[in-house]
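Heads up, the thing below is written out as structure tokens.
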Amino acid sequence: MKSLSLMAVAAVATFIVATSPASAAPVCLQQSVDTGDDLTTTISAKRKYRRHARRGGKCDGFQRCRCGTTAARKHGLSLRYVGADGRVYNLKKASEYGRAFPHTSFRVGALGVAPHHVLTVVGGSNCRLATVYDDAGTYQRNVCNMTFVSVGG
């Protein structure tokens with residue numbers, strides 16, 4: 001019975017490898033078979049590396065949108081924001097901040113918007129070394145290449 005279970009596991013693994021396309025990277029296959037005694041067989045292949053897998057994934061507008069929700073919470077905004085033009089903006093996505101609010105220059109209290117990121121300027125006299133707040137906390141960074149928007153009006 002033990003050898004039959006091990007042979008079945010080996011046959012399944014061989015079938016999966018044989019039927020997958022040659023150009024596809026290996027995917028995670030992990031299966032354990034307990035044969036009654038202390039013998040446990042584990043078959044595993046390398047997991048295909050995905051760019052955003054370690055950070056919990058990229059923002060899709062509904063989940064995993066950390067910086068957009070942090071900025072909305074800090075400024076007391078609804079995540080489903082109705083702008084002055086009557087359009088509804090999803091403030092979970094960082095790109096929506098540049099569309100929803102009027103643009104301004106660098107100053108304390110402004111929101112800095114970059115592709116796929118939004119942060120709040122909380123200190124600093126110039127954009128080269130500004131103190132900012134986002135989902136990672138409060139820290140100093142260069143924000144000169146960001147677009148700034150005014151949330152308070």
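Residue numbers start at 1 in each chain; chains themselves are named A, B, ... in the order of the structure tokens; ligands are numbered from 1 in the order shown.
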Non-local contacts of stretch 118-130 of chain A (12 Å; only C-alpha atoms; under 4 positions in same chain excluded) as a PDB file with C-alpha atoms, in the first residue's frame:
```pdb
ATOM      1  CA  CYS A  65      -4.124  49.999  -1.793  1.00  0.00           C
ATOM      2  CA  ARG A  66      -2.150  51.163   1.207  1.00  0.00           C
ATOM      3  CA  CYS A  67      -0.897  54.671   0.392  1.00  0.00           C
ATOM      4  CA  GLY A  68      -4.209  55.907  -1.071  1.00  0.00           C
ATOM      5  CA  THR A  69      -6.247  54.759   1.912  1.00  0.00           C
ATOM      6  CA  THR A  70      -3.660  56.189   4.341  1.00  0.00           C
ATOM      7  CA  ALA A  71      -3.798  59.625   2.676  1.00  0.00           C
ATOM      8  CA  ALA A  72      -7.611  59.621   2.625  1.00  0.00           C
ATOM      9  CA  ARG A  73      -7.746  58.654   6.297  1.00  0.00           C
ATOM     10  CA  LYS A  74      -5.221  61.356   7.297  1.00  0.00           C
ATOM     11  CA  HIS A  75      -7.204  64.109   5.524  1.00  0.00           C
ATOM     12  CA  LEU A  91      -9.215  57.535  -3.667  1.00  0.00           C
ATOM     13  CA  LYS A  92      -7.784  54.091  -2.964  1.00  0.00           C
ATOM     14  CA  LYS A  93      -5.855  54.510  -6.198  1.00  0.00           C
ATOM     15  CA  ALA A  94      -2.992  57.011  -6.051  1.00  0.00           C
ATOM     16  CA  SER A  95      -3.544  58.159  -9.628  1.00  0.00           C
ATOM     17  CA  GLU A  96      -7.015  59.492  -8.764  1.00  0.00           C
ATOM     18  CA  TYR A  97      -5.634  62.180  -6.413  1.00  0.00           C
ATOM     19  CA  GLY A  98      -4.089  64.079  -9.323  1.00  0.00           C
ATOM     20  CA  SER A 105       3.148  73.962  -5.484  1.00  0.00           C
ATOM     21  CA  PHE A 106       5.254  72.347  -2.751  1.00  0.00           C
ATOM     22  CA  ARG A 107       4.125  73.298   0.743  1.00  0.00           C
ATOM     23  CA  VAL A 108       3.415  71.659   4.070  1.00  0.00           C
ATOM     24  CA  GLY A 109       0.007  69.967   4.021  1.00  0.00           C
ATOM     25  CA  ALA A 110      -0.015  69.297   0.280  1.00  0.00           C
ATOM     26  CA  LEU A 111      -0.302  65.812  -1.141  1.00  0.00           C
ATOM     27  CA  GLY A 112       2.518  64.608  -3.376  1.00  0.00           C
ATOM     28  CA  VAL A 113       1.334  62.404  -6.230  1.00  0.00           C
ATOM     29  CA  ALA A 114       3.657  60.190  -8.277  1.00  0.00           C
ATOM     30  CA  ASP A 134       2.440  57.665   4.050  1.00  0.00           C
ATOM     31  CA  ASP A 135       1.681  54.005   4.748  1.00  0.00           C
ATOM     32  CA  ALA A 136       5.370  53.404   5.640  1.00  0.00           C
ATOM     33  CA  GLY A 137       5.302  56.072   8.364  1.00  0.00           C
ATOM     34  CA  THR A 138       7.044  59.446   8.652  1.00  0.00           C
ATOM     35  CA  TYR A 139      10.417  59.862   6.955  1.00  0.00           C
ATOM     36  CA  GLN A 140      12.459  62.290   4.836  1.00  0.00           C
ATOM     37  CA  ARG A 141      12.802  62.047   1.069  1.00  0.00           C
ATOM     38  CA  ASN A 142      13.211  64.055  -2.134  1.00  0.00           C
ATOM     39  CA  VAL A 143       9.802  64.941  -3.588  1.00  0.00           C
ATOM     40  CA  CYS A 144      10.848  67.427  -6.284  1.00  0.00           C
ATOM     41  CA  ASN A 145       9.573  65.293  -9.171  1.00  0.00           C
ATOM     42  CA  MET A 146       6.091  64.824  -7.714  1.00  0.00           C
ATOM     43  CA  THR A 147       2.887  66.627  -8.613  1.00  0.00           C
ATOM     44  CA  PHE A 148       1.378  68.413  -5.624  1.00  0.00           C
ATOM     45  CA  VAL A 149      -2.349  68.774  -5.016  1.00  0.00           C
ATOM     46  CA  SER A 150      -4.287  70.757  -2.440  1.00  0.00           C
ATOM     47  CA  VAL A 151      -6.882  68.826  -0.474  1.00  0.00           C
TER      48      VAL A 151
END
```
- Task: Among the residues of stretch 68-133 of chain A, find those DSSP assigns to helix (DSSP H, G or I) from the backbone and print them as a ChimeraX atom specification.
- Result: /A:68-74,95-100,127-129
- Item | DSSP-assigned strand (DSSP E) members of stretch 90-119 of chain A, reported as a ChimeraX atom specification | /A:90,103-104,111-114,117-119
Given the selection you just returned, output its residues as a file containing N, CA and C atoms, formatted as an mmCIF file, in the first residue's frame.
```
data_model
loop_
_atom_site.group_PDB
_atom_site.id
_atom_site.type_symbol
_atom_site.label_atom_id
_atom_site.label_comp_id
_atom_site.auth_asym_id
_atom_site.auth_seq_id
_atom_site.Cartn_x
_atom_site.Cartn_y
_atom_site.Cartn_z
ATOM 1 N N ASN A 90 -12.137 57.214 -7.065
ATOM 2 C CA ASN A 90 -11.759 56.148 -6.147
ATOM 3 C C ASN A 90 -10.418 56.527 -5.524
ATOM 4 N N HIS A 103 -4.197 71.321 -8.562
ATOM 5 C CA HIS A 103 -2.743 71.268 -8.421
ATOM 6 C C HIS A 103 -2.243 72.519 -7.707
ATOM 7 N N THR A 104 -1.149 72.367 -6.989
ATOM 8 C CA THR A 104 -0.533 73.447 -6.239
ATOM 9 C C THR A 104 0.973 73.267 -6.273
ATOM 10 N N LEU A 111 -0.493 67.223 -0.806
ATOM 11 C CA LEU A 111 -0.302 65.812 -1.141
ATOM 12 C C LEU A 111 0.627 65.722 -2.341
ATOM 13 N N GLY A 112 1.623 64.867 -2.252
ATOM 14 C CA GLY A 112 2.518 64.608 -3.376
ATOM 15 C C GLY A 112 2.030 63.379 -4.114
ATOM 16 N N VAL A 113 1.855 63.504 -5.426
ATOM 17 C CA VAL A 113 1.334 62.404 -6.230
ATOM 18 C C VAL A 113 2.386 62.018 -7.261
ATOM 19 N N ALA A 114 2.761 60.763 -7.278
ATOM 20 C CA ALA A 114 3.657 60.190 -8.277
ATOM 21 C C ALA A 114 2.934 58.978 -8.866
ATOM 22 N N HIS A 117 1.810 56.185 -6.372
ATOM 23 C CA HIS A 117 2.093 56.515 -4.974
ATOM 24 C C HIS A 117 1.570 57.906 -4.642
ATOM 25 N N VAL A 118 1.090 58.060 -3.414
ATOM 26 C CA VAL A 118 0.638 59.352 -2.902
ATOM 27 C C VAL A 118 1.121 59.467 -1.459
ATOM 28 N N LEU A 119 1.540 60.678 -1.073
ATOM 29 C CA LEU A 119 2.019 60.908 0.287
ATOM 30 C C LEU A 119 1.656 62.322 0.708
#
```
